[in-house]
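Peer 1: Got a file for you: model_3.tsv, TSV, C-alpha atoms.
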```
chain	number	residue	atom	x	y	z
A	1	MET	CA	210.56	74.77	-46.18
A	2	ASN	CA	212.84	74.65	-49.16
A	3	ILE	CA	212.80	78.09	-50.82
A	4	ARG	CA	212.98	76.55	-54.28
A	5	LEU	CA	209.88	74.45	-53.67
A	6	VAL	CA	208.07	77.50	-52.33
A	7	GLU	CA	208.92	79.50	-55.42
A	8	THR	CA	207.80	76.68	-57.70
A	9	THR	CA	204.44	76.30	-55.99
A	10	VAL	CA	203.88	80.05	-56.05
A	11	GLY	CA	204.68	80.01	-59.75
A	12	LEU	CA	202.20	77.20	-60.29
A	13	PHE	CA	199.60	79.07	-58.24
A	14	ILE	CA	199.98	82.18	-60.40
A	15	LEU	CA	199.84	80.10	-63.57
A	16	GLY	CA	196.67	78.46	-62.29
A	17	ALA	CA	195.15	81.86	-61.62
A	18	ILE	CA	196.05	83.04	-65.12
A	19	ALA	CA	194.51	79.90	-66.59
A	20	ALA	CA	191.35	80.48	-64.56
A	21	PHE	CA	191.23	84.07	-65.77
A	22	LEU	CA	191.53	82.93	-69.37
A	23	ILE	CA	188.70	80.46	-68.79
A	24	LEU	CA	186.56	83.26	-67.38
A	25	ALA	CA	187.43	85.53	-70.29
A	26	PHE	CA	186.97	83.04	-73.12
A	27	LYS	CA	184.64	80.32	-71.95
A	28	VAL	CA	182.36	82.29	-69.64
A	29	SER	CA	182.23	85.76	-71.09
A	30	GLY	CA	182.65	85.50	-74.81
A	31	PHE	CA	185.15	84.82	-77.55
A	32	SER	CA	185.24	81.05	-77.85
A	33	ILE	CA	187.63	78.98	-79.90
A	34	GLN	CA	186.17	75.59	-80.75
A	35	HIS	CA	187.39	72.47	-82.37
A	36	ASP	CA	185.04	71.50	-85.18
A	37	GLU	CA	186.82	69.03	-87.43
A	38	ASP	CA	184.10	66.47	-86.91
A	39	SER	CA	181.27	68.61	-88.24
A	40	TYR	CA	180.08	70.08	-91.54
A	41	ARG	CA	178.60	73.51	-92.16
A	42	VAL	CA	175.19	74.31	-93.52
A	43	THR	CA	173.88	77.82	-94.14
A	44	THR	CA	170.33	79.06	-94.13
A	45	GLU	CA	168.41	82.32	-94.17
A	46	PHE	CA	165.74	83.48	-91.76
A	47	ASP	CA	163.40	86.46	-91.88
A	48	ASN	CA	163.70	86.78	-88.13
A	49	ILE	CA	165.87	84.81	-85.76
A	50	GLY	CA	164.32	86.00	-82.50
A	51	SER	CA	166.89	85.57	-79.78
A	52	LEU	CA	168.94	82.84	-81.45
A	53	LYS	CA	172.59	83.02	-80.38
A	54	ASN	CA	175.90	81.56	-81.36
A	55	ARG	CA	176.18	77.99	-80.07
A	56	SER	CA	172.44	77.53	-79.73
A	57	PRO	CA	171.57	73.88	-80.40
A	58	VAL	CA	170.36	72.48	-83.74
A	59	THR	CA	168.00	69.52	-83.38
A	60	VAL	CA	166.18	66.95	-85.47
A	61	ALA	CA	163.03	65.63	-83.79
A	62	GLY	CA	164.34	67.07	-80.54
A	63	VAL	CA	167.70	65.26	-80.73
A	64	LYS	CA	170.69	67.57	-80.81
A	65	VAL	CA	172.73	67.18	-83.98
A	66	GLY	CA	174.79	70.37	-83.99
A	67	GLN	CA	174.98	74.01	-83.03
A	68	VAL	CA	174.82	77.51	-84.50
A	69	LYS	CA	178.23	78.72	-85.58
A	70	SER	CA	177.65	82.26	-86.74
A	71	ILE	CA	174.86	84.71	-87.39
A	72	HIS	CA	175.09	87.77	-89.58
A	73	LEU	CA	172.86	90.04	-91.60
A	74	ASP	CA	172.71	89.92	-95.38
A	75	SER	CA	173.25	93.52	-96.41
A	76	ARG	CA	171.10	93.19	-99.58
A	77	THR	CA	168.07	91.14	-98.60
A	78	PHE	CA	168.14	92.06	-94.90
A	79	LYS	CA	167.72	88.47	-93.90
A	80	ALA	CA	169.69	86.79	-91.14
A	81	ILE	CA	172.22	84.30	-92.47
A	82	VAL	CA	172.82	81.52	-89.97
A	83	THR	CA	175.65	79.03	-90.28
A	84	MET	CA	175.20	75.76	-88.45
A	85	ALA	CA	177.76	73.08	-87.67
A	86	ILE	CA	176.21	69.62	-87.79
A	87	THR	CA	178.13	66.57	-86.61
A	88	LYS	CA	179.53	64.26	-89.29
A	89	LYS	CA	177.62	61.36	-87.76
A	90	GLU	CA	174.33	62.89	-88.94
A	91	ASN	CA	175.14	62.89	-92.66
A	92	HIS	CA	171.82	61.50	-93.81
A	93	ILE	CA	169.54	64.53	-93.36
A	94	PRO	CA	167.59	65.20	-96.59
A	95	SER	CA	168.56	68.40	-98.39
A	96	ASP	CA	164.98	69.68	-98.62
A	97	SER	CA	164.56	69.70	-94.83
A	98	GLN	CA	162.87	72.66	-93.26
A	99	ALA	CA	164.70	74.75	-90.65
A	100	SER	CA	162.52	76.50	-88.10
A	101	ILE	CA	163.39	78.50	-85.02
A	102	VAL	CA	161.55	77.29	-81.95
A	103	THR	CA	161.63	78.14	-78.29
A	104	ALA	CA	162.36	75.76	-75.42
A	105	GLY	CA	159.40	76.31	-73.13
A	106	LEU	CA	157.62	79.60	-72.88
A	107	LEU	CA	160.59	81.78	-71.96
A	108	GLY	CA	163.47	79.46	-72.75
A	109	ALA	CA	166.28	79.85	-75.24
A	110	ASN	CA	165.70	79.66	-78.98
A	111	TYR	CA	167.11	76.83	-81.05
A	112	ILE	CA	166.84	75.50	-84.61
A	113	GLU	CA	164.66	72.49	-85.35
A	114	LEU	CA	165.24	70.70	-88.67
A	115	SER	CA	162.17	68.87	-90.01
A	116	PRO	CA	163.42	66.23	-92.46
A	117	GLY	CA	162.12	66.32	-96.04
A	118	PHE	CA	161.94	63.55	-98.61
A	119	ALA	CA	164.77	64.27	-101.06
A	120	GLU	CA	167.31	61.59	-101.92
A	121	GLU	CA	170.12	64.09	-101.70
A	122	THR	CA	171.50	64.74	-98.21
A	123	LEU	CA	172.93	67.84	-96.55
A	124	HIS	CA	176.69	68.17	-96.85
A	125	GLU	CA	179.46	70.72	-96.32
A	126	GLY	CA	178.36	74.08	-97.72
A	127	SER	CA	174.77	73.19	-98.54
A	128	HIS	CA	172.04	75.75	-98.14
A	129	ILE	CA	168.62	75.16	-96.61
A	130	VAL	CA	166.00	77.08	-98.58
A	131	ASP	CA	162.82	76.23	-96.68
A	132	THR	CA	162.83	78.12	-93.39
A	133	GLN	CA	160.40	79.35	-90.83
A	134	PRO	CA	161.21	82.46	-88.76
A	135	ALA	CA	161.05	82.67	-85.00
A	136	LEU	CA	157.60	83.01	-83.54
A	137	GLN	CA	157.29	86.22	-81.67
A	138	LEU	CA	155.07	86.07	-78.66
A	139	GLU	CA	154.09	89.74	-78.89
A	140	THR	CA	152.95	89.42	-82.51
A	141	MET	CA	151.01	86.27	-81.72
A	142	ILE	CA	149.26	87.88	-78.77
A	143	GLY	CA	148.52	90.91	-80.88
A	144	GLN	CA	146.92	88.78	-83.60
A	145	LEU	CA	144.99	86.79	-81.05
A	146	LEU	CA	143.57	89.93	-79.44
A	147	PHE	CA	142.72	91.34	-82.86
A	148	ASN	CA	140.87	88.15	-83.85
A	149	ILE	CA	139.02	87.98	-80.56
A	150	ASN	CA	137.89	91.58	-80.97
A	151	LYS	CA	136.78	90.90	-84.53
A	152	SER	CA	134.72	87.85	-83.58
A	153	ASP	CA	133.21	89.74	-80.66
A	154	SER	CA	132.08	92.60	-82.89
A	155	LYS	CA	130.67	90.13	-85.42
A	156	GLN	CA	128.63	88.42	-82.75
A	157	SER	CA	127.27	91.65	-81.38
A	158	SER	CA	126.30	93.06	-84.76
K	1	MET	CA	172.79	107.52	-17.44
K	2	ILE	CA	175.76	109.85	-17.38
K	3	ASN	CA	178.02	106.85	-16.97
K	4	SER	CA	176.68	105.06	-20.03
K	5	LEU	CA	176.96	108.30	-22.01
K	6	ARG	CA	180.56	108.58	-20.85
K	7	MET	CA	181.23	104.99	-21.89
K	8	PHE	CA	179.74	105.66	-25.30
K	9	GLY	CA	181.91	108.73	-25.74
K	10	ARG	CA	185.03	106.89	-24.65
K	11	GLN	CA	184.36	104.05	-27.06
K	12	THR	CA	183.75	106.43	-29.94
K	13	ILE	CA	187.01	108.23	-29.21
K	14	SER	CA	188.97	105.00	-28.91
K	15	ALA	CA	187.42	103.70	-32.16
K	16	THR	CA	188.42	106.92	-33.92
K	17	VAL	CA	191.92	106.70	-32.47
K	18	GLY	CA	192.17	103.10	-33.65
K	19	LEU	CA	191.06	104.06	-37.13
K	20	GLY	CA	193.60	106.87	-37.27
K	21	HIS	CA	196.30	104.59	-35.92
K	22	SER	CA	195.57	101.96	-38.55
K	23	GLY	CA	195.56	104.65	-41.24
K	24	ILE	CA	199.03	105.82	-40.21
K	25	PHE	CA	200.12	102.19	-40.07
K	26	LEU	CA	198.87	101.63	-43.62
K	27	PHE	CA	200.67	104.77	-44.75
K	28	LYS	CA	203.89	103.41	-43.24
K	29	ILE	CA	203.46	100.14	-45.14
K	30	LEU	CA	202.67	101.77	-48.45
K	31	VAL	CA	205.07	104.69	-48.47
K	32	ARG	CA	208.62	103.47	-48.24
K	33	ARG	CA	211.75	103.26	-50.24
K	34	PRO	CA	211.33	100.28	-52.55
K	35	ARG	CA	213.94	97.53	-52.20
K	36	PRO	CA	212.67	95.22	-54.91
K	37	ILE	CA	215.20	92.38	-54.84
K	38	LYS	CA	215.10	91.67	-51.12
K	39	THR	CA	211.37	92.29	-50.85
K	40	PHE	CA	210.62	89.97	-53.75
K	41	ARG	CA	211.91	86.88	-51.92
K	42	LEU	CA	209.90	87.72	-48.82
K	43	LEU	CA	206.84	88.42	-50.94
K	44	ILE	CA	207.04	85.02	-52.66
K	45	GLN	CA	207.30	83.35	-49.27
K	46	GLU	CA	204.20	85.18	-48.07
K	47	ILE	CA	202.18	84.51	-51.22
K	48	PHE	CA	202.96	80.87	-50.56
K	49	SER	CA	201.85	80.82	-46.94
K	50	VAL	CA	198.83	83.07	-47.51
K	51	GLY	CA	197.71	82.15	-51.01
K	52	VAL	CA	198.85	78.66	-51.92
K	53	LEU	CA	197.97	77.20	-48.53
K	54	SER	CA	194.47	78.70	-48.79
K	55	LEU	CA	193.96	77.04	-52.16
K	56	PRO	CA	192.45	73.71	-50.98
K	57	ILE	CA	189.68	75.34	-48.96
K	58	ILE	CA	188.95	77.80	-51.78
K	59	LEU	CA	188.75	75.02	-54.37
K	60	LEU	CA	186.48	72.88	-52.23
K	61	ALA	CA	184.20	75.78	-51.29
K	62	ALA	CA	184.01	76.93	-54.91
K	63	LEU	CA	183.01	73.51	-56.18
K	64	PHE	CA	180.24	73.17	-53.62
K	65	ILE	CA	178.96	76.70	-54.12
K	66	GLY	CA	178.79	76.21	-57.87
K	67	MET	CA	176.91	72.97	-57.42
K	68	VAL	CA	174.47	74.43	-54.90
K	69	VAL	CA	173.73	77.47	-57.06
K	70	ALA	CA	173.08	75.16	-60.01
K	71	LEU	CA	170.71	72.96	-58.01
K	72	GLN	CA	168.79	75.88	-56.55
K	73	GLY	CA	168.74	77.72	-59.84
K	74	PHE	CA	167.45	74.67	-61.68
K	75	ASN	CA	164.67	74.34	-59.15
K	76	ILE	CA	163.62	77.97	-59.58
K	77	LEU	CA	164.11	78.18	-63.34
K	78	SER	CA	162.19	74.96	-64.02
K	79	LYS	CA	159.08	76.71	-62.68
K	80	PHE	CA	159.33	79.04	-65.70
K	81	SER	CA	160.57	76.16	-67.88
K	82	ALA	CA	163.64	78.25	-68.56
K	83	GLU	CA	166.20	75.67	-67.40
K	84	THR	CA	168.40	76.49	-70.37
K	85	GLU	CA	169.27	79.81	-68.75
K	86	LEU	CA	170.95	78.02	-65.85
K	87	GLY	CA	174.47	78.65	-67.16
K	88	GLN	CA	173.83	82.35	-67.25
K	89	MET	CA	172.44	82.33	-63.72
K	90	VAL	CA	175.35	80.37	-62.27
K	91	ALA	CA	178.00	82.42	-64.05
K	92	LEU	CA	176.50	85.80	-63.23
K	93	SER	CA	175.88	85.10	-59.57
K	94	VAL	CA	179.31	83.55	-59.10
K	95	VAL	CA	181.37	86.07	-61.04
K	96	ARG	CA	179.57	89.15	-59.75
K	97	GLU	CA	178.88	88.31	-56.12
K	98	LEU	CA	179.65	84.91	-54.70
K	99	GLY	CA	183.18	84.60	-56.00
K	100	PRO	CA	184.59	87.83	-54.57
K	101	VAL	CA	182.53	87.84	-51.35
K	102	VAL	CA	182.76	84.19	-50.32
K	103	GLY	CA	186.37	84.10	-51.43
K	104	ALA	CA	187.18	87.11	-49.27
K	105	LEU	CA	185.28	85.72	-46.26
K	106	LEU	CA	187.11	82.41	-46.50
K	107	PHE	CA	190.36	84.27	-46.96
K	108	ALA	CA	189.70	86.34	-43.84
K	109	GLY	CA	189.02	83.17	-41.87
K	110	ARG	CA	191.87	81.09	-43.25
K	111	ALA	CA	194.67	83.57	-43.98
K	112	GLY	CA	193.71	86.76	-42.14
K	113	SER	CA	193.40	85.08	-38.76
K	114	ALA	CA	196.73	83.32	-39.28
K	115	LEU	CA	198.42	86.61	-40.14
K	116	THR	CA	197.02	88.29	-37.04
K	117	ALA	CA	198.00	85.45	-34.72
K	118	GLU	CA	201.48	85.25	-36.22
K	119	ILE	CA	202.22	88.94	-35.91
K	120	GLY	CA	200.55	89.12	-32.49
K	121	LEU	CA	202.71	86.30	-31.19
K	122	MET	CA	205.82	87.93	-32.63
K	123	LYS	CA	204.86	91.03	-30.70
K	124	ALA	CA	204.12	89.11	-27.48
K	125	THR	CA	207.43	87.27	-27.61
K	126	GLU	CA	209.18	90.55	-28.39
K	127	GLN	CA	210.52	89.38	-31.73
K	128	LEU	CA	209.38	92.63	-33.31
K	129	SER	CA	211.32	94.64	-30.72
K	130	SER	CA	214.43	92.49	-31.18
K	131	ILE	CA	214.34	92.99	-34.92
K	132	GLU	CA	214.11	96.71	-34.32
K	133	MET	CA	217.06	96.48	-31.92
K	134	MET	CA	219.12	94.94	-34.71
K	135	GLY	CA	218.42	98.04	-36.77
K	136	ILE	CA	215.94	96.36	-39.12
K	137	ASP	CA	212.61	98.04	-39.54
K	138	PRO	CA	209.97	95.43	-38.53
K	139	ILE	CA	207.40	97.06	-40.77
K	140	TRP	CA	209.66	96.49	-43.74
K	141	ARG	CA	210.78	93.01	-42.77
K	142	ILE	CA	207.64	91.53	-41.21
K	143	ILE	CA	204.53	93.56	-41.96
K	144	SER	CA	205.00	94.81	-45.50
K	145	PRO	CA	205.59	91.42	-47.22
K	146	ARG	CA	202.59	89.96	-45.42
K	147	PHE	CA	200.40	92.85	-46.47
K	148	TRP	CA	201.44	92.72	-50.11
K	149	GLY	CA	201.31	88.92	-50.15
K	150	GLY	CA	197.67	88.95	-49.05
K	151	PHE	CA	196.88	91.81	-51.39
K	152	PHE	CA	198.15	89.88	-54.41
K	153	ALA	CA	196.92	86.47	-53.31
K	154	LEU	CA	193.22	87.19	-52.89
K	155	PRO	CA	192.46	88.30	-56.51
K	156	LEU	CA	194.28	85.21	-57.76
K	157	LEU	CA	192.28	83.01	-55.42
K	158	VAL	CA	189.01	84.67	-56.44
K	159	VAL	CA	189.68	84.11	-60.14
K	160	ILE	CA	190.33	80.43	-59.46
K	161	PHE	CA	187.22	80.34	-57.24
K	162	CYS	CA	185.01	81.69	-60.05
K	163	ALA	CA	186.32	79.26	-62.65
K	164	VAL	CA	185.92	76.27	-60.35
K	165	ALA	CA	182.42	77.34	-59.27
K	166	VAL	CA	181.29	77.63	-62.89
K	167	PHE	CA	182.70	74.17	-63.44
K	168	GLY	CA	180.74	72.91	-60.43
K	169	GLY	CA	177.58	74.41	-61.92
K	170	TYR	CA	178.41	72.72	-65.21
K	171	ILE	CA	178.77	69.33	-63.52
K	172	ILE	CA	175.39	69.60	-61.84
K	173	GLY	CA	173.53	71.36	-64.64
K	174	VAL	CA	174.77	69.47	-67.66
K	175	GLN	CA	176.03	66.14	-66.37
K	176	TRP	CA	173.46	65.50	-63.70
K	177	LEU	CA	170.31	67.48	-64.51
K	178	GLY	CA	170.73	67.05	-68.25
K	179	ILE	CA	170.56	70.61	-69.55
K	180	ASP	CA	171.89	70.96	-73.07
K	181	ASP	CA	175.60	71.64	-73.14
K	182	GLY	CA	175.39	74.26	-75.91
K	183	SER	CA	172.55	76.22	-74.29
K	184	PHE	CA	174.39	76.20	-70.99
K	185	TRP	CA	177.51	77.78	-72.44
K	186	SER	CA	175.79	79.95	-75.05
K	187	GLY	CA	173.45	81.47	-72.48
K	188	MET	CA	176.47	82.13	-70.32
K	189	THR	CA	178.64	83.71	-72.97
K	190	ALA	CA	175.77	85.78	-74.29
K	191	SER	CA	174.90	87.32	-70.94
K	192	VAL	CA	178.24	87.56	-69.12
K	193	ASP	CA	180.11	90.63	-70.22
K	194	PHE	CA	183.86	90.68	-69.89
K	195	GLN	CA	184.10	94.23	-68.65
K	196	THR	CA	181.01	94.78	-66.52
K	197	ASP	CA	181.02	91.32	-64.94
K	198	VAL	CA	184.45	89.71	-64.97
K	199	LEU	CA	186.54	92.85	-64.53
K	200	ASN	CA	184.19	94.32	-61.93
K	201	GLY	CA	184.32	91.08	-59.97
K	202	LEU	CA	188.09	91.26	-60.13
K	203	LEU	CA	188.03	94.86	-58.98
K	204	LYS	CA	185.91	93.85	-56.00
K	205	SER	CA	188.36	91.13	-55.10
K	206	ILE	CA	191.26	93.60	-55.24
K	207	VAL	CA	189.45	95.96	-52.86
K	208	PHE	CA	188.59	93.06	-50.54
K	209	GLY	CA	192.16	91.80	-50.58
K	210	PHE	CA	193.36	95.24	-49.56
K	211	VAL	CA	190.85	95.58	-46.71
K	212	VAL	CA	191.14	92.04	-45.35
K	213	THR	CA	194.93	92.03	-45.19
K	214	TRP	CA	195.08	95.55	-43.85
K	215	THR	CA	192.70	94.58	-41.02
K	216	ALA	CA	194.58	91.35	-40.30
K	217	VAL	CA	198.02	92.94	-40.25
K	218	TYR	CA	196.92	95.91	-38.18
K	219	GLN	CA	195.08	93.80	-35.61
K	220	GLY	CA	198.19	91.68	-35.18
K	221	TYR	CA	200.48	94.66	-34.84
K	222	ASP	CA	198.09	96.37	-32.43
K	223	ALA	CA	197.38	93.26	-30.31
K	224	VAL	CA	197.74	93.35	-26.55
K	225	PRO	CA	200.89	91.23	-26.11
K	226	THR	CA	199.37	88.50	-23.95
K	227	SER	CA	197.83	85.17	-24.91
K	228	ALA	CA	194.32	86.52	-24.23
K	229	GLY	CA	195.16	89.65	-26.24
K	230	ILE	CA	196.23	87.59	-29.25
K	231	GLY	CA	193.01	85.60	-29.05
K	232	GLN	CA	190.93	88.77	-29.00
K	233	ALA	CA	192.94	90.30	-31.82
K	234	THR	CA	192.39	87.22	-33.98
K	235	THR	CA	188.65	87.30	-33.34
K	236	ARG	CA	188.50	91.01	-34.07
K	237	SER	CA	190.50	90.55	-37.25
K	238	VAL	CA	188.05	88.01	-38.67
K	239	VAL	CA	184.93	89.85	-37.50
K	240	TYR	CA	186.01	93.28	-38.72
K	241	ALA	CA	187.32	91.96	-42.00
K	242	SER	CA	184.10	90.02	-42.71
K	243	LEU	CA	181.90	92.98	-41.87
K	244	ALA	CA	184.06	95.31	-43.95
K	245	VAL	CA	183.86	92.92	-46.90
K	246	LEU	CA	180.07	92.69	-46.73
K	247	GLY	CA	179.61	96.43	-46.27
K	248	LEU	CA	182.05	97.34	-49.03
K	249	ASP	CA	180.42	94.78	-51.30
K	250	PHE	CA	177.14	96.62	-51.01
K	251	ILE	CA	178.75	99.99	-51.73
K	252	LEU	CA	180.77	98.65	-54.67
K	253	THR	CA	177.75	96.87	-56.15
K	254	ALA	CA	175.66	100.01	-55.83
K	255	MET	CA	178.37	101.99	-57.57
K	256	MET	CA	178.82	99.43	-60.35
K	257	MET	CA	175.08	99.08	-60.97
K	258	GLY	CA	174.70	102.84	-60.98
K	259	GLY	CA	177.37	103.07	-63.66
K	260	TRP	CA	179.90	104.85	-61.47
```
Just give me the structure as structure tokens.
Peer 2:
Amino acid sequence: MNIRLVETTVGLFILGAIAAFLILAFKVSGFSIQHDEDSYRVTTEFDNIGSLKNRSPVTVAGVKVGQVKSIHLDSRTFKAIVTMAITKKENHIPSDSQASIVTAGLLGANYIELSPGFAEETLHEGSHIVDTQPALQLETMIGQLLFNINKSDSKQSS
Amino acid sequence: MINSLRMFGRQTISATVGLGHSGIFLFKILVRRPRPIKTFRLLIQEIFSVGVLSLPIILLAALFIGMVVALQGFNILSKFSAETELGQMVALSVVRELGPVVGALLFAGRAGSALTAEIGLMKATEQLSSIEMMGIDPIWRIISPRFWGGFFALPLLVVIFCAVAVFGGYIIGVQWLGIDDGSFWSGMTASVDFQTDVLNGLLKSIVFGFVVTWTAVYQGYDAVPTSAGIGQATTRSVVYASLAVLGLDFILTAMMMGGW
């Protein structure tokens, strides 16, 4: 076979491997670069975000409208500041909507659910959602439940 | 009784001799005066015949393995209603285990057997001896480029394998079974670590590439120079290489999980 052709295909093969490695490095194991011209950013604060992650979905009535862009801790109030990117198509969400962190299934991933409010004004680039509900923590809930059960038991027996 | 004991002893001794022989052979390949310019051409040629020609089977196998892992994983995860973790499951199992191991097994079957048969036939038709008669070292001219070609080709193939398998999982998980795109990738990125998963998988593939090509090249060089001998050598090459890959995989995994 032509030596030049062989060299070209080997070059392509190595380039393909490098591309695959970059995919593994960026797409599969971390640092992602995303195009987001067709979305606007909304920030919000949570007391507790549970296991919310970057790129977790943001939904309204269960329909995905965007995803989490960044999460960091406010150094003064010790609340989690979450930035969401919502698609430009969904530009009619009322500004007094409530953001709550919910879980898909019992053990599934966390995501943000926006419950629409009634304000005339809509969410836009840079707006801030004030009304939030932190992630439900299963352990705390079970703890409360056990506590209540114990209390009602002792009341009945007394 | 005595006879079977004698047979056992003879086989142990011949296995040890073979191991020592292959060790010396490896030493001869590795330790030599580098002649980069001439070797480079030969190396490119070998990467082509060993790596590029194995690409179709690797791509096809990777796609199907990714899809199967996604289907099975979805089935299991939906019992816990944790389907959103599918991306993480596919990526971890492919990058850590399936990519390096299945890649190396396919490589042993596709490229290793070809190497053994090629070198064995060269030996049977006395091409190796004629090259030596011309004053060219056959290990330098024939064996070494094939060894290094396989050694470099397998990690490249495994990286491609992993990427394609994850893509296969994506097709099944997101496009067919309807898992959310963002959860699929976010679960994956959150749980796959670059160093402990991707780099360790790559390290495995480097070790496997070394072992598989070493076995293939040695079995060819050591083959009995008859047609039956070449057949046996090819079989041995694939069997030994596959067993070595699976055994080493266990040891490497145990070491990586134990934190070295």
Peer 1: Please compute the atom CA of Ile143 of chain K-atom CA of Leu128 of chain K distance, one decimal, in Å.
Peer 2: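 Value for the atom CA of Ile143 of chain K-atom CA of Leu128 of chain K distance: 10.0 Å.
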Peer 1: Considering all atoms listed in the file, state which residue in the set A:Asn150, A:Ser97, A:Thr59, A:Gln67 is at the smallest distance from chain K.
Peer 2: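 The closest residue to chain K is A:Gln67.
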Peer 1: Given a cut-off of 10 Å, which residues of chain K touch chain A, counting only C-alpha atoms, written out as a ChimeraX atom specification?
Peer 2: /K:41,44-49,51-53,55,77-78,80-85,87-88,91-92,95,152-153,155-164,166,180-195,197-199,202
Peer 1: So, counting all atoms listed in the file, which residue among K:Gly173, K:Pro145, K:Pro225, K:Gly103 is closest to Thr39 of chain K?
Peer 2: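 When distances to Thr39 of chain K are compared using all atoms listed in the file, the smallest one comes from K:Pro145.
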Peer 1: Pick the closest to Val50 of chain K from K:Leu154, K:Leu71, K:Ala15, K:Leu63: which is it, counting all atoms listed in the file?
Peer 2: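 Among the listed residues, K:Leu154 lies closest to Val50 of chain K.
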Peer 1: Can you rebuild segment 195-200 of chain K with all heavy atoms and give it as an mmCIF file, in the frame of the given file?
Peer 2:
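Produced file rebuild06.cif, reproduced below:
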```
data_model
loop_
_atom_site.group_PDB
_atom_site.id
_atom_site.type_symbol
_atom_site.label_atom_id
_atom_site.label_comp_id
_atom_site.auth_asym_id
_atom_site.auth_seq_id
_atom_site.Cartn_x
_atom_site.Cartn_y
_atom_site.Cartn_z
ATOM 1 N N GLN K 195 183.750 93.047 -69.432
ATOM 2 C CA GLN K 195 184.100 94.230 -68.650
ATOM 3 C C GLN K 195 183.211 94.415 -67.426
ATOM 4 O O GLN K 195 183.702 94.516 -66.301
ATOM 5 C CB GLN K 195 184.029 95.468 -69.530
ATOM 6 C CG GLN K 195 184.757 96.625 -68.902
ATOM 7 C CD GLN K 195 185.039 97.710 -69.911
ATOM 8 O OE1 GLN K 195 184.623 97.621 -71.067
ATOM 9 N NE2 GLN K 195 185.741 98.727 -69.494
ATOM 10 N N THR K 196 181.876 94.428 -67.642
ATOM 11 C CA THR K 196 181.010 94.780 -66.520
ATOM 12 C C THR K 196 180.893 93.653 -65.509
ATOM 13 O O THR K 196 180.563 93.907 -64.364
ATOM 14 C CB THR K 196 179.596 95.147 -66.994
ATOM 15 O OG1 THR K 196 179.081 94.041 -67.707
ATOM 16 C CG2 THR K 196 179.599 96.362 -67.845
ATOM 17 N N ASP K 197 181.151 92.400 -65.908
ATOM 18 C CA ASP K 197 181.020 91.320 -64.940
ATOM 19 C C ASP K 197 182.371 90.808 -64.457
ATOM 20 O O ASP K 197 182.664 90.831 -63.270
ATOM 21 C CB ASP K 197 180.194 90.189 -65.530
ATOM 22 C CG ASP K 197 178.794 90.656 -65.851
ATOM 23 O OD1 ASP K 197 178.266 91.445 -65.068
ATOM 24 O OD2 ASP K 197 178.257 90.263 -66.878
ATOM 25 N N VAL K 198 183.193 90.344 -65.393
ATOM 26 C CA VAL K 198 184.450 89.710 -64.970
ATOM 27 C C VAL K 198 185.396 90.753 -64.363
ATOM 28 O O VAL K 198 185.920 90.566 -63.264
ATOM 29 C CB VAL K 198 185.116 88.996 -66.165
ATOM 30 C CG1 VAL K 198 186.436 88.422 -65.748
ATOM 31 C CG2 VAL K 198 184.213 87.903 -66.684
ATOM 32 N N LEU K 199 185.588 91.859 -65.046
ATOM 33 C CA LEU K 199 186.540 92.850 -64.530
ATOM 34 C C LEU K 199 186.029 93.513 -63.261
ATOM 35 O O LEU K 199 186.814 93.799 -62.352
ATOM 36 C CB LEU K 199 186.850 93.906 -65.590
ATOM 37 C CG LEU K 199 187.774 93.445 -66.715
ATOM 38 C CD1 LEU K 199 188.203 94.624 -67.563
ATOM 39 C CD2 LEU K 199 188.992 92.731 -66.184
ATOM 40 N N ASN K 200 184.713 93.740 -63.163
ATOM 41 C CA ASN K 200 184.190 94.320 -61.930
ATOM 42 C C ASN K 200 184.313 93.359 -60.763
ATOM 43 O O ASN K 200 184.603 93.784 -59.640
ATOM 44 C CB ASN K 200 182.732 94.755 -62.111
ATOM 45 C CG ASN K 200 182.631 96.124 -62.734
ATOM 46 O OD1 ASN K 200 183.638 96.780 -62.943
ATOM 47 N ND2 ASN K 200 181.435 96.560 -63.025
#
```
